[in-house]
$ cat target-v6.txt   # compact mmCIF, C-alpha atoms
# COMPACT_ATOMS: atom_id res chain seq x y z
CA MET A 68 -20.26 17.09 1.89
CA GLU A 69 -16.98 15.39 2.78
CA LEU A 70 -14.27 17.96 2.32
CA ASN A 71 -11.68 15.33 3.24
CA ALA A 72 -12.16 14.09 -0.31
CA LEU A 73 -9.87 16.99 -1.20
CA HIS A 74 -7.06 15.12 0.54
CA LYS A 75 -7.21 12.50 -2.18
CA LEU A 76 -6.02 14.94 -4.81
CA GLY A 77 -2.49 14.10 -5.87
CA TYR A 78 0.48 16.43 -5.51
CA GLY A 79 4.23 16.41 -5.22
CA MET A 80 6.31 18.28 -2.65
CA TYR A 81 8.38 21.29 -3.60
CA ILE A 82 10.54 24.04 -2.20
CA ILE A 83 9.71 27.31 -3.93
CA GLY A 84 12.51 29.88 -4.00
CA SER A 85 12.41 33.57 -4.84
CA TYR A 86 14.15 36.82 -4.02
CA LYS A 87 13.66 40.53 -3.45
CA ASP A 88 16.64 42.84 -3.86
CA ASP A 89 19.44 40.96 -2.07
CA LYS A 90 17.15 38.90 0.13
CA LEU A 91 16.41 35.24 -0.57
CA ASN A 92 13.69 32.95 0.73
CA GLY A 93 12.09 29.58 0.15
CA GLN A 94 8.93 27.81 1.24
CA VAL A 95 7.25 24.43 0.91
CA ALA A 96 4.43 24.09 -1.60
CA ASN A 97 2.49 21.14 -2.92
CA THR A 98 0.63 22.89 -5.73
CA VAL A 99 3.05 23.10 -8.63
CA PHE A 100 1.64 21.88 -11.90
CA GLN A 101 2.20 22.20 -15.60
CA ILE A 102 -0.58 24.08 -17.34
CA THR A 103 0.54 24.20 -20.96
CA SER A 104 3.27 22.40 -22.88
CA GLU A 105 3.63 25.03 -25.62
CA PRO A 106 5.19 27.16 -24.28
CA PRO A 107 6.18 25.12 -21.22
CA THR A 108 4.32 26.84 -18.43
CA VAL A 109 3.78 25.98 -14.79
CA ALA A 110 1.67 27.41 -12.02
CA VAL A 111 2.08 27.54 -8.27
CA SER A 112 -0.40 28.66 -5.61
CA ILE A 113 1.17 30.83 -2.89
CA ASN A 114 -0.48 32.24 0.24
CA LYS A 115 -0.54 36.03 0.25
CA ASN A 116 0.72 36.13 3.83
CA ASN A 117 3.92 34.30 2.98
CA LEU A 118 7.23 36.11 2.56
CA THR A 119 7.82 34.18 -0.67
CA HIS A 120 4.66 35.80 -2.05
CA GLU A 121 6.16 39.22 -1.38
CA TYR A 122 9.40 38.16 -3.05
CA ILE A 123 7.71 36.71 -6.14
CA GLU A 124 5.65 39.91 -6.43
CA ALA A 125 8.90 41.87 -6.42
CA SER A 126 11.17 39.75 -8.65
CA LYS A 127 8.53 38.02 -10.82
CA VAL A 128 10.50 34.81 -10.76
CA PHE A 129 10.44 31.58 -8.78
CA SER A 130 12.28 28.28 -8.62
CA ALA A 131 10.72 24.95 -7.71
CA SER A 132 12.87 22.15 -6.31
CA ILE A 133 11.18 18.77 -6.58
CA LEU A 134 11.81 16.80 -3.38
CA HIS A 135 12.73 13.12 -3.32
CA GLN A 136 10.71 10.69 -1.27
CA GLU A 137 13.18 10.34 1.58
CA THR A 138 13.62 14.04 2.26
CA PRO A 139 13.99 14.37 6.06
CA LEU A 140 11.05 15.98 7.84
CA PRO A 141 13.22 18.65 9.56
CA TYR A 142 14.32 19.86 6.12
CA ILE A 143 10.69 20.27 5.09
CA GLY A 144 9.81 21.75 8.47
CA ASN A 145 12.47 24.43 8.09
CA PHE A 146 10.84 25.64 4.89
CA GLY A 147 7.23 24.91 5.83
CA PHE A 148 6.58 25.87 9.42
CA LYS A 149 8.76 28.92 9.83
CA SER A 150 8.62 32.30 8.21
CA GLY A 151 11.60 33.88 6.52
CA ARG A 152 10.51 37.03 8.40
CA ASP A 153 11.55 35.38 11.69
CA VAL A 154 14.48 33.19 10.75
CA ASP A 155 17.02 32.85 7.97
CA LYS A 156 15.78 29.66 6.35
CA LEU A 157 18.85 29.49 4.13
CA LYS A 158 21.26 29.00 7.01
CA GLY A 159 23.00 25.65 6.57
CA VAL A 160 21.01 24.84 3.45
CA LYS A 161 22.63 24.28 0.04
CA TYR A 162 21.41 26.35 -2.86
CA ILE A 163 22.61 27.59 -6.19
CA THR A 164 21.74 30.90 -7.78
CA GLY A 165 19.57 30.14 -10.75
CA GLU A 166 19.38 31.80 -14.15
CA THR A 167 16.51 33.84 -12.74
CA LYS A 168 18.68 34.76 -9.71
CA ALA A 169 16.19 32.90 -7.52
CA PRO A 170 17.76 30.49 -5.04
CA VAL A 171 17.46 26.86 -6.16
CA PHE A 172 17.55 24.46 -3.22
CA THR A 173 19.45 21.32 -4.18
CA ASP A 174 19.84 19.31 -0.96
CA HIS A 175 17.03 16.81 -1.47
CA ALA A 176 15.88 17.70 -4.96
CA THR A 177 15.52 15.24 -7.83
CA ALA A 178 15.06 18.10 -10.27
CA TYR A 179 14.32 21.78 -10.38
CA LEU A 180 12.56 24.34 -12.53
CA GLU A 181 12.86 28.08 -12.84
CA ALA A 182 10.09 30.26 -14.17
CA ARG A 183 9.39 33.89 -15.00
CA VAL A 184 5.94 35.00 -13.92
CA VAL A 185 3.74 35.95 -16.85
CA ARG A 186 0.65 36.41 -14.73
CA GLY A 187 -0.59 36.37 -11.18
CA VAL A 188 -4.19 35.27 -10.64
CA ASP A 189 -5.76 36.55 -7.43
CA VAL A 190 -7.82 33.75 -5.92
CA GLY A 191 -8.58 35.26 -2.52
CA THR A 192 -6.20 34.01 0.17
CA HIS A 193 -3.70 32.89 -2.49
CA THR A 194 -2.19 34.02 -5.76
CA ILE A 195 -1.70 31.51 -8.54
CA TYR A 196 1.52 32.48 -10.26
CA ILE A 197 1.73 31.36 -13.85
CA GLY A 198 5.31 31.16 -15.02
CA LYS A 199 7.07 30.39 -18.25
CA ILE A 200 9.84 27.83 -17.75
CA VAL A 201 13.27 29.33 -18.39
CA ASN A 202 15.39 26.58 -16.87
CA ALA A 203 14.86 22.95 -15.87
CA GLU A 204 17.38 20.35 -14.76
CA ILE A 205 17.18 16.77 -13.58
CA LEU A 206 19.50 16.06 -10.66
CA THR A 207 18.78 12.45 -9.63
CA GLU A 208 16.50 9.57 -10.58
CA ASP A 209 15.24 9.13 -7.00
CA THR A 210 11.54 8.62 -6.47
CA CYS A 211 9.77 11.92 -5.93
CA MET A 212 7.86 12.57 -2.73
CA THR A 213 4.10 12.70 -3.06
CA TYR A 214 1.98 14.77 -0.73
CA GLU A 215 0.18 11.56 0.24
CA TYR A 216 3.48 9.90 1.21
CA TYR A 217 4.44 12.97 3.21
CA HIS A 218 1.16 12.78 5.12
CA GLN A 219 0.80 9.05 5.57
CA VAL A 220 4.30 7.68 5.86
CA LYS A 221 6.18 10.66 7.16
CA ARG A 222 3.24 11.86 9.29
CA GLY A 223 3.73 15.34 7.99
CA THR A 224 1.29 18.07 8.87
CA THR A 225 -0.04 21.03 6.96
CA PRO A 226 0.58 24.65 7.92
CA LYS A 227 -2.43 26.94 8.14
CA THR A 228 -1.25 28.96 5.16
CA ALA A 229 -1.35 25.95 2.79
CA PRO A 230 -4.07 25.81 0.14
CA SER A 231 -4.93 22.31 1.32
CA TYR A 232 -5.30 23.12 5.01
CA ILE A 233 -8.67 22.10 6.43
CA ALA A 234 -9.51 23.75 9.73
CA GLY A 235 -9.89 21.39 12.65
CA GLU A 236 -8.38 18.34 11.01
CA LYS A 237 -5.96 16.24 13.00
CA GLY A 238 -2.52 17.76 12.83
CA GLY A 239 -3.73 20.54 10.61
CA ASN A 240 -3.21 23.35 13.04
CA LYS A 241 0.31 22.65 14.20
CA MET B 58 17.35 22.88 -20.26
CA GLU B 59 15.86 19.47 -19.48
CA LEU B 60 12.14 19.80 -19.97
CA ASN B 61 11.72 16.19 -18.85
CA ALA B 62 12.14 17.59 -15.34
CA LEU B 63 8.49 18.58 -15.73
CA HIS B 64 7.62 14.89 -15.65
CA LYS B 65 8.72 14.78 -12.04
CA LEU B 66 5.90 17.05 -10.96
CA GLY B 67 3.32 15.09 -8.98
CA TYR B 68 -0.32 14.69 -9.96
CA GLY B 69 -3.27 12.39 -9.50
CA MET B 70 -5.50 11.01 -12.23
CA TYR B 71 -9.05 12.24 -12.67
CA ILE B 72 -12.08 11.98 -14.90
CA ILE B 73 -13.59 15.43 -15.38
CA GLY B 74 -17.32 15.49 -16.17
CA SER B 75 -19.48 18.31 -17.48
CA TYR B 76 -22.56 18.92 -19.58
CA LYS B 77 -24.14 21.21 -22.13
CA ASP B 78 -27.92 21.19 -22.48
CA ASP B 79 -28.79 17.48 -22.41
CA LYS B 80 -25.35 16.29 -23.55
CA LEU B 81 -22.82 14.80 -21.14
CA ASN B 82 -19.11 14.21 -21.50
CA GLY B 83 -16.02 13.30 -19.53
CA GLN B 84 -12.27 13.41 -20.04
CA VAL B 85 -9.08 12.42 -18.28
CA ALA B 86 -7.09 15.15 -16.55
CA ASN B 87 -4.11 15.11 -14.25
CA THR B 88 -4.11 18.77 -13.21
CA VAL B 89 -6.72 19.08 -10.49
CA PHE B 90 -5.50 20.88 -7.40
CA GLN B 91 -6.82 22.75 -4.42
CA ILE B 92 -6.00 26.43 -4.52
CA THR B 93 -7.64 27.81 -1.39
CA SER B 94 -9.17 26.16 1.66
CA GLU B 95 -11.45 29.08 2.57
CA PRO B 96 -13.67 28.81 0.62
CA PRO B 97 -12.74 25.32 -0.62
CA THR B 98 -11.70 25.96 -4.20
CA VAL B 99 -10.09 23.77 -6.83
CA ALA B 100 -8.69 24.39 -10.28
CA VAL B 101 -8.40 22.22 -13.35
CA SER B 102 -6.54 22.90 -16.60
CA ILE B 103 -8.52 21.92 -19.72
CA ASN B 104 -7.40 22.07 -23.36
CA LYS B 105 -9.51 24.47 -25.39
CA ASN B 106 -9.90 21.90 -28.19
CA ASN B 107 -11.59 19.39 -25.90
CA LEU B 108 -15.34 18.86 -25.90
CA THR B 109 -15.34 19.05 -22.11
CA HIS B 110 -13.96 22.59 -22.42
CA GLU B 111 -16.99 23.52 -24.53
CA TYR B 112 -19.31 21.92 -21.98
CA ILE B 113 -17.70 23.64 -18.96
CA GLU B 114 -17.91 26.95 -20.82
CA ALA B 115 -21.65 26.34 -21.29
CA SER B 116 -22.67 24.92 -17.90
CA LYS B 117 -19.99 26.50 -15.68
CA VAL B 118 -19.74 23.32 -13.63
CA PHE B 119 -17.50 20.28 -13.53
CA SER B 120 -17.07 17.10 -11.56
CA ALA B 121 -13.76 15.42 -10.80
CA SER B 122 -13.65 11.69 -10.06
CA ILE B 123 -10.43 10.68 -8.35
CA LEU B 124 -9.22 7.37 -9.80
CA HIS B 125 -7.87 4.51 -7.69
CA GLN B 126 -4.48 3.04 -8.46
CA GLU B 127 -5.73 -0.12 -10.16
CA THR B 128 -8.05 1.60 -12.62
CA PRO B 129 -7.83 -0.45 -15.85
CA LEU B 130 -6.06 1.27 -18.73
CA PRO B 131 -8.99 0.78 -21.16
CA TYR B 132 -11.20 2.77 -18.79
CA ILE B 133 -8.72 5.64 -18.84
CA GLY B 134 -8.22 5.24 -22.59
CA ASN B 135 -11.93 5.63 -23.21
CA PHE B 136 -11.89 9.02 -21.52
CA GLY B 137 -8.43 10.08 -22.60
CA PHE B 138 -7.76 9.14 -26.18
CA LYS B 139 -11.17 9.59 -27.76
CA SER B 140 -13.27 12.66 -28.26
CA GLY B 141 -16.88 12.87 -27.17
CA ARG B 142 -17.42 14.45 -30.58
CA ASP B 143 -16.71 11.07 -32.22
CA VAL B 144 -18.00 8.53 -29.73
CA ASP B 145 -20.38 8.38 -26.78
CA LYS B 146 -17.87 7.95 -23.97
CA LEU B 147 -20.64 7.30 -21.48
CA LYS B 148 -21.77 4.07 -23.13
CA GLY B 149 -21.34 1.23 -20.64
CA VAL B 150 -19.88 3.54 -18.03
CA LYS B 151 -21.50 4.10 -14.61
CA TYR B 152 -22.23 7.62 -13.55
CA ILE B 153 -24.53 9.51 -11.25
CA THR B 154 -25.99 12.93 -11.89
CA GLY B 155 -24.37 15.27 -9.43
CA GLU B 156 -25.78 18.26 -7.56
CA THR B 157 -24.39 20.40 -10.36
CA LYS B 158 -26.08 18.12 -12.95
CA ALA B 159 -22.61 17.20 -14.21
CA PRO B 160 -22.05 13.46 -14.65
CA VAL B 161 -19.97 11.95 -11.85
CA PHE B 162 -18.12 8.83 -12.96
CA THR B 163 -18.06 6.30 -10.14
CA ASP B 164 -16.64 3.08 -11.64
CA HIS B 165 -13.06 3.39 -10.39
CA ALA B 166 -13.30 6.47 -8.21
CA THR B 167 -12.14 6.68 -4.60
CA ALA B 168 -13.84 10.04 -4.22
CA TYR B 169 -15.35 12.82 -6.25
CA LEU B 170 -15.79 16.57 -6.17
CA GLU B 171 -18.21 18.91 -7.87
CA ALA B 172 -17.46 22.56 -8.46
CA ARG B 173 -19.12 25.66 -9.85
CA VAL B 174 -16.78 27.74 -11.97
CA VAL B 175 -16.09 31.15 -10.50
CA ARG B 176 -13.48 32.05 -13.06
CA GLY B 177 -11.79 30.82 -16.20
CA VAL B 178 -8.18 31.88 -16.71
CA ASP B 179 -7.03 31.86 -20.33
CA VAL B 180 -3.52 30.45 -20.46
CA GLY B 181 -3.11 29.99 -24.21
CA THR B 182 -3.84 26.43 -25.31
CA HIS B 183 -5.69 25.74 -22.06
CA THR B 184 -8.15 27.35 -19.68
CA ILE B 185 -7.66 26.99 -15.95
CA TYR B 186 -11.12 26.70 -14.47
CA ILE B 187 -11.32 27.81 -10.87
CA GLY B 188 -14.31 26.28 -9.13
CA LYS B 189 -15.90 26.52 -5.72
CA ILE B 190 -16.56 23.08 -4.26
CA VAL B 191 -20.29 22.43 -3.89
CA ASN B 192 -20.15 18.70 -3.27
CA ALA B 193 -17.48 16.19 -2.25
CA GLU B 194 -17.83 12.54 -1.29
CA ILE B 195 -15.41 9.78 -0.38
CA LEU B 196 -16.32 6.45 -1.98
CA THR B 197 -13.53 4.04 -1.01
CA GLU B 198 -10.24 4.04 0.88
CA ASP B 199 -8.32 2.55 -2.05
CA THR B 200 -4.95 4.05 -2.93
CA CYS B 201 -5.30 6.83 -5.47
CA MET B 202 -3.54 6.60 -8.79
CA THR B 203 -0.66 8.98 -9.30
CA TYR B 204 0.31 10.23 -12.72
CA GLU B 205 3.75 8.71 -12.14
CA TYR B 206 2.23 5.29 -11.43
CA TYR B 207 0.10 5.60 -14.54
CA HIS B 208 3.18 6.32 -16.62
CA GLN B 209 5.70 3.95 -15.07
CA VAL B 210 3.70 0.95 -13.92
CA LYS B 211 0.75 1.05 -16.25
CA ARG B 212 2.84 2.31 -19.19
CA GLY B 213 0.23 4.91 -19.91
CA THR B 214 0.80 7.53 -22.55
CA THR B 215 -0.16 11.17 -22.79
CA PRO B 216 -2.53 12.56 -25.42
CA LYS B 217 -1.37 15.57 -27.39
CA THR B 218 -4.01 17.78 -25.79
CA ALA B 219 -2.68 17.22 -22.25
CA PRO B 220 -0.89 20.09 -20.51
CA SER B 221 1.99 17.75 -19.80
CA TYR B 222 2.52 16.48 -23.33
CA ILE B 223 6.08 16.97 -24.58
CA ALA B 224 6.44 16.70 -28.35
CA GLY B 225 8.61 13.84 -29.57
CA GLU B 226 8.85 12.00 -26.28
CA LYS B 227 8.47 8.26 -26.32
CA GLY B 228 4.81 7.33 -26.38
CA GLY B 229 3.79 10.94 -26.26
CA ASN B 230 2.22 11.11 -29.65
CA LYS B 231 -0.01 8.04 -29.58
$ encode --input "target-v6.txt" --output "structure tokens"
Amino acid sequence: MELNALHKLGYGMYIIGSYKDDKLNGQVANTVFQITSEPPTVAVSINKNNLTHEYIEASKVFSASILHQETPLPYIGNFGFKSGRDVDKLKGVKYITGETKAPVFTDHATAYLEARVVRGVDVGTHTIYIGKIVNAEILTEDTCMTYEYYHQVKRGTTPKTAPSYIAGEKGGNK
Amino acid sequence: MELNALHKLGYGMYIIGSYKDDKLNGQVANTVFQITSEPPTVAVSINKNNLTHEYIEASKVFSASILHQETPLPYIGNFGFKSGRDVDKLKGVKYITGETKAPVFTDHATAYLEARVVRGVDVGTHTIYIGKIVNAEILTEDTCMTYEYYHQVKRGTTPKTAPSYIAGEKGGNK
């Protein structure tokens, strides 16, 4: 069995935003996908250990900012390799307050979505949040970043809490 | 609200195979994604009207062949715009019988996965099948097709039963 075949699955790159009371947070995710068109519904898989998971559990909303291809690695690193429990990820980062009150990160986004959670599906280490789209805006016509581009061209790595992390792979444990 | 923002979400392109008794079928899907790494688990969103949905319900297994970028449109069209209820999609198409007994379509695949369904999540028009990976093989190192490439470069269209169909969009109703 060659589990690396899983790396050939196609994804985009997103910053997921949510809130709890007056606290805001965001994190990188690659697993955002539309699951039905009527009503427009998306899903996102979030690690239970992540602060954003706690915030989505509390507010039942999330935003997803769709990153353009040339998003700088440090921007992704800020949201992907740090925890909002240790640092304020929003420091120096542009965001708007969405219709859902979730922060929507606009710095390198070609578009964004906001969704209200209609269901959380417990899949072990992660929860798949299924959300009805309540807002969606296109910001630019830039090419979107794919997960493959992030890995191959930008030499990005995958945090341990990602659904697509494979233990022991090169760069996987950074 | 600009629902076209949903088109900026990133996906790959896959042929999903399954079976029921001695009958085999396959269909195009773009929503295959890894949801946990431990154990390796993937999900796929399948329209309830599709024959493959009926087959996955019966056999509780599916394969996913990951298409390379230069997959000819007629190959995709055979699996995407016809129903296995009307035609034998497997005629003239190469496949192997996987460990799960699902057909694995190898003609334009860079890799494939096989999964046993551990759960089906009813999301209205579609079911999200969550499957534990039981087999995965890499076949070639060709570039994988993205959904964006399929739409923009190959001028592919989206069948009405796809999760990402948006009513009234150009080419969406073919």
$ axis_aligned_box --input "target-v6.txt" --around "range 139-158 of chain B" --padding-each-side "5 Å" --output "AutoDock Vina command-line options"
--center_x -18.6 --center_y 10.8 --center_z -19.9 --size_x 24.9 --size_y 29.2 --size_z 34.7
$ interface_residues --input "target-v6.txt" --of "chain B" --to "chain A" --cutoff "7 Å" --atoms "all atoms listed in the file" --output "MDAnalysis selection string"
chainID B and resid 58:60 62 65:69 88 90:94 102 168:169 182:183 192:195 201 203 220:223
$ closest_residue --input "target-v6.txt" --among "B:Ser75, B:Gln209, B:Asn107, B:Thr214" --to "Ser140 in chain B" --atoms "all atoms listed in the file"
B:Asn107
$ residues_near_point --input "target-v6.txt" --point "(8.1, 24.4, -2.6)" --cutoff "6 Å" --atoms "all atoms listed in the file" --output "NGL selection string"
:A and (81-83 or 94-96 or 131)
$ residues_around --input "target-v6.txt" --residues "Thr164 in chain A" --least-positions-apart "4" --cutoff "12 Å" --atoms "only C-alpha atoms" --output "ChimeraX atom specification"
/A:84-86,89,91-92,129-130,168-173,181,202
$ atom_distance --input "target-v6.txt" --atom1 "CA of Thr225 in chain A" --atom2 "CA of Ala176 in chain A"
20.2 Å
$ atom_distance --input "target-v6.txt" --atom1 "CA of Val150 in chain B" --atom2 "CA of Gly83 in chain B"
10.6 Å
$ closest_residue --input "target-v6.txt" --among "A:Phe148, A:Tyr122, A:Arg183, A:His175" --to "Lys161 in chain A" --atoms "all atoms listed in the file"
A:His175
$ residues_around --input "target-v6.txt" --residues "Lys146 in chain B" --least-positions-apart "2" --cutoff "7 Å" --atoms "all atoms listed in the file" --output "list in words"
Asn82, Asn135, Phe136, Gly141, Val144 and Lys148 of chain B
$ write_last_selection --input "target-v6.txt" --atoms "C-alpha atoms" --output "PDB file, in the coordinates of the input"
ATOM      1  CA  ASN B  82     -19.110  14.210 -21.500  1.00  0.00           C
ATOM      2  CA  ASN B 135     -11.930   5.630 -23.210  1.00  0.00           C
ATOM      3  CA  PHE B 136     -11.890   9.020 -21.520  1.00  0.00           C
ATOM      4  CA  GLY B 141     -16.880  12.870 -27.170  1.00  0.00           C
ATOM      5  CA  VAL B 144     -18.000   8.530 -29.730  1.00  0.00           C
ATOM      6  CA  LYS B 148     -21.770   4.070 -23.130  1.00  0.00           C
TER       7      LYS B 148
END
$ atom_distance --input "target-v6.txt" --atom1 "CA of Lys211 in chain B" --atom2 "CA of Glu127 in chain B"
9.0 Å
$ closest_residue --input "target-v6.txt" --among "B:Tyr186, B:Glu114, B:Asp164, B:Lys105" --to "Leu147 in chain B" --atoms "only C-alpha atoms"
B:Asp164
$ decode --input "target-v6.txt" --residues "range 193-205 of chain B" --atoms "N, CA and C atoms" --output "PDB file, in the first residue's frame"
ATOM      1  N   ALA B 193      -3.845   1.532  -1.771  1.00  0.00           N
ATOM      2  CA  ALA B 193      -3.466   2.784  -2.436  1.00  0.00           C
ATOM      3  C   ALA B 193      -2.210   2.510  -3.238  1.00  0.00           C
ATOM      4  N   GLU B 194      -2.221   2.863  -4.507  1.00  0.00           N
ATOM      5  CA  GLU B 194      -1.053   2.635  -5.357  1.00  0.00           C
ATOM      6  C   GLU B 194      -0.816   3.848  -6.241  1.00  0.00           C
ATOM      7  N   ILE B 195       0.465   4.163  -6.414  1.00  0.00           N
ATOM      8  CA  ILE B 195       0.858   5.209  -7.367  1.00  0.00           C
ATOM      9  C   ILE B 195       1.167   4.530  -8.699  1.00  0.00           C
ATOM     10  N   LEU B 196       0.642   5.069  -9.787  1.00  0.00           N
ATOM     11  CA  LEU B 196       0.838   4.458 -11.101  1.00  0.00           C
ATOM     12  C   LEU B 196       1.817   5.239 -11.964  1.00  0.00           C
ATOM     13  N   THR B 197       1.730   6.551 -11.953  1.00  0.00           N
ATOM     14  CA  THR B 197       2.636   7.387 -12.750  1.00  0.00           C
ATOM     15  C   THR B 197       2.937   8.666 -11.970  1.00  0.00           C
ATOM     16  N   GLU B 198       3.926   9.404 -12.444  1.00  0.00           N
ATOM     17  CA  GLU B 198       4.245  10.688 -11.809  1.00  0.00           C
ATOM     18  C   GLU B 198       3.712  11.858 -12.637  1.00  0.00           C
ATOM     19  N   ASP B 199       2.769  11.585 -13.516  1.00  0.00           N
ATOM     20  CA  ASP B 199       2.155  12.660 -14.312  1.00  0.00           C
ATOM     21  C   ASP B 199       1.470  13.678 -13.397  1.00  0.00           C
ATOM     22  N   THR B 200       1.359  14.894 -13.897  1.00  0.00           N
ATOM     23  CA  THR B 200       0.624  15.938 -13.174  1.00  0.00           C
ATOM     24  C   THR B 200      -0.852  15.549 -13.076  1.00  0.00           C
ATOM     25  N   CYS B 201      -1.421  15.748 -11.930  1.00  0.00           N
ATOM     26  CA  CYS B 201      -2.838  15.408 -11.740  1.00  0.00           C
ATOM     27  C   CYS B 201      -3.714  16.539 -12.294  1.00  0.00           C
ATOM     28  N   MET B 202      -4.870  16.153 -12.766  1.00  0.00           N
ATOM     29  CA  MET B 202      -5.809  17.147 -13.263  1.00  0.00           C
ATOM     30  C   MET B 202      -6.488  17.851 -12.090  1.00  0.00           C
ATOM     31  N   THR B 203      -6.555  19.168 -12.177  1.00  0.00           N
ATOM     32  CA  THR B 203      -7.364  19.893 -11.200  1.00  0.00           C
ATOM     33  C   THR B 203      -8.717  20.195 -11.832  1.00  0.00           C
ATOM     34  N   TYR B 204      -9.680  20.409 -11.000  1.00  0.00           N
ATOM     35  CA  TYR B 204     -11.022  20.759 -11.466  1.00  0.00           C
ATOM     36  C   TYR B 204     -10.974  22.080 -12.237  1.00  0.00           C
ATOM     37  N   GLU B 205     -10.123  22.982 -11.772  1.00  0.00           N
ATOM     38  CA  GLU B 205      -9.967  24.278 -12.445  1.00  0.00           C
ATOM     39  C   GLU B 205      -9.421  24.093 -13.860  1.00  0.00           C
TER      40      GLU B 205
END
